[in-house]
Amino acid sequence: MGNKNLKKKRKEEIARNELVEQELKKSDLVQKQQVKLLILGAGDSGKSTLLKQMQILYKDGFSKEDKQLYRNVIRTNIITYIKILLKGVQMLDLKLHKSNEKIAEDFLNLPDIIDSFTPNSILASKQLWNDPAMKMSFEKRAQFQLADSAGYFLDNIDRIASENYKPSDQDILNCRISTTGVKVVEFLVNNQPWKVVDVGGQRSERKKWIHHFDDTTLLIYVVAVNEYDQKLFEDNTTNRLHESLKLFETTANNQFLSNKNCVILFNKTDLFKDKIQKVNFNKCFEDFKGSNNYEEVIKFIKTLFVKAGKNTKRSIFVHYSCATNTNEIRFVFDAVQSTILENILKEQGFM
Amino acid sequence: MDFQIQKIVDLNDRSVQIVSPNSKQMDISRNITPVRSSHLLRQENRSFSFSAHLFNSEFQSSRHHSPTPNYHKATDFSGLKDKRVLLKRSNMTTSTPVKEESKENINYNKPKSPQNLEKISPKKPRKRKSEEHIPIQKEIPKKEPKKTELKRHKSFSMILNQIKKIRTRKKKPNEKQQKPKRILEKEIPKKQEITKKILEPISAKKTKPRRSRKIKKTKFQKQKENKKKETDHDQKEEIEQKKRFLVHKFDEVLHSKFALGYFRSFLKSEFSDENVDFWATVQVFKKLNKKSDISKMAQLIYNKYIKEGSQREVNIDYLDRRKVESVFLKGDYDKALFESSQDKIYRLMETDCFPRFLKSQFCNDLIIYILQNQKDIQEEWCKNF
């Protein structure tokens, strides 16, 4: 009797085992089919902007609630930008126009809340922005921490201040919201499930990256090339491009990512083109001995990064883009798709 | 010597079971996984431990109830591979007895005619051709041992090829007459029952109704489903309405006792819960009155959240960090010490995390909780919910 029961049990166990294995196989298949993109890079390099572009390209854009949120964020950002510029004016010992001094004092006392964006504050910020001293401090913004999109929004202040203002896609793409933690967004790209991981880029955020290193199909590393004369947000002493290069070297050679294909995206090329005419690249990278020319400088940066990540097990693709330009990013993601296809074919042994 | 052989065969059994036909690759991969660092591969590890548990139970049962006594002969029937493994594993000492067995077999079987054997088991001798002992084909044991061997064969094949045979049996009706298949037939309903039990939550729709009851049930079901759909739809709309209400209630959520828990668990899923913790501890810090307490708490907060490279470092810019550090050098602790950095973190959560929280499942749970317990909640912001 006992034997029969035990035999039954055993059969049950076998059947259960079979079922569990089938399910595991299914989940394995799903995992294998799923493409996982890791978007990494130093702070303020444009990783989240890439994600926004994907939202436009592969989903149905931004919802009403999103736009409402971005509207508030853009408006509060304008006030913080003006504040930072005013502090810059103080730091550089510049002198505002006499009529603007009082306004500036009031302005510095405003809190960073949406409610402080009143008609009065709009007028004040407009007046201040037209002050030559403010423009001077804006020119020397590399000495303090000002977001790259500040110029774009301050130039469009009239439109943003209007009551019926609805942020356009371009506004949203330019809007800066610093990311904390790790966010995972899923897309359907040509009937293929993509899992895109966006992270915060500051030093304190980087230790969270490792939670998502496994099972990546492709690493996208974003570098803001225009920040070669800027200092880090975290300590204001190290050069941002140096930091980015070091970071790339350590992450790309991490044991989990060392054999994954990699796309390096040189971002903010439009701002870089403007800056290279004003600021000498040689000041920041003493090894550079070419002429101060867009193409030569970018070639130099490219060789630096490719050298840092070079490895026999993988190939590195390089793209130049401006993340706020949807067409350029579409091109980049088309290229990314083809590399992913190549990956899959290689895994299956077709290539 | 016999004892040794049994042990080895036991090992063999297990290896065969582990590498059962469906699971070859996966098992091997899973056995290798622990080499990688464990905490990074959480999902895989979960599945690993789960399946390992099942396997273990199988092992135990196989140890106790598998047909242990007659291994040598059984191994003969299970084909070449086992023998090879045997030879490899057992090296010189154990390989000798196996050879002896085969010799014995040869002696017994010489008088018997080879034709009968070929009829009963035509495939097995073919395998032996490739072996060194060619004569085995002609000389095979008597009828009595054959039956026992057949049973043993069943037990092994059941473990090895059960699933395959069941599948093939359905296609080939001729095989029904034979013994081993009858046994297997009995197993099928049991299996299905088991699958029902296990899969009920997953594939309840497929297995549930019989044809005769279907017609009656479908009407009820349709009504029920429609009701369910309506209620679901209503609930969804309600939840979305409440979400619009919640959009401007970030401050209230942070200050309420129960909602903060939901928000924090969401942040934990995104690995950014240190922000809320920092905000909350500074909130406590602000309420302190004793100077000694303030200095202690300030040092705690600094070491935990602000110091560069600390474990739960918060994302603040150099200006705020410098401010705090300069105060620390002087030793004057103030209640407003962390105010500016707290504001920054507050803004960060408001703009970055909170909108994502509203889209997450955690927010749905929060809304459902509030709707269910609206009477018990005493916080004011929920009264107009």
# chains A, B, ... in the order shown; residues from 1 in each chain; ligands from 1
>>> interface_residues(of="chain A", to="chain B", cutoff="9 Å", atoms="only C-alpha atoms", output="MDAnalysis selection string")
chainID A and resid 3 6:22 24:25 65:66 69:70 73 112:113 177:184 202:205 208 210:214 232:236
>>> residues_around(residues="Gln55 of chain A", least_positions_apart="4", cutoff="12 Å", atoms="only C-alpha atoms", output="ChimeraX atom specification")
/A:48-51,59-63,66,169,172-173,185-189,196,326,329-330
>>> atom_distance(atom1="atom CA of Leu29 of chain A", atom2="atom CA of Glu342 of chain A")
18.5 Å
>>> closest_residue(among="A:Met134, A:Lys4, A:Leu257, A:Ile79", to="Phe117 of chain A", atoms="only C-alpha atoms")
A:Ile79
>>> atom_distance(atom1="atom CA of Thr238 of chain A", atom2="atom CA of Gly151 of chain A")
24.0 Å
>>> atom_distance(atom1="atom CA of Thr80 of chain A", atom2="atom CA of Leu358 of chain B")
25.6 Å
>>> residues_around(residues="segment 294-301 of chain B", least_positions_apart="2", cutoff="8 Å", atoms="only C-alpha atoms", output="PyMOL selection string")
chain B and resi 278+281-282+285+288-292+303-306+333-335
>>> write_last_selection(atoms="C-alpha atoms", output="short mmCIF file (atom, residue, chain, number, x, y, z; two decimals), in the first residue's frame")
data_model
loop_
_atom_site.label_atom_id
_atom_site.label_comp_id
_atom_site.auth_asym_id
_atom_site.auth_seq_id
_atom_site.Cartn_x
_atom_site.Cartn_y
_atom_site.Cartn_z
CA PHE B 278 16.46 61.60 3.93
CA THR B 281 14.71 62.11 8.88
CA VAL B 282 15.31 65.80 8.26
CA PHE B 285 15.51 66.64 12.85
CA LEU B 288 14.32 68.50 17.87
CA ASN B 289 14.89 70.96 20.70
CA LYS B 290 17.84 69.77 22.79
CA LYS B 291 21.23 70.89 21.55
CA SER B 292 22.87 67.57 22.25
CA ASN B 303 27.32 60.40 7.69
CA LYS B 304 24.43 58.51 6.23
CA TYR B 305 23.13 60.71 3.44
CA ILE B 306 25.45 63.57 2.58
CA TYR B 333 24.50 73.06 14.43
CA ASP B 334 21.37 74.77 13.34
CA LYS B 335 17.87 73.53 12.73
#
>>> closest_residue(among="B:Lys249, B:Phe338, B:Lys243, B:Gly261", to="Lys286 of chain B", atoms="only C-alpha atoms")
B:Phe338
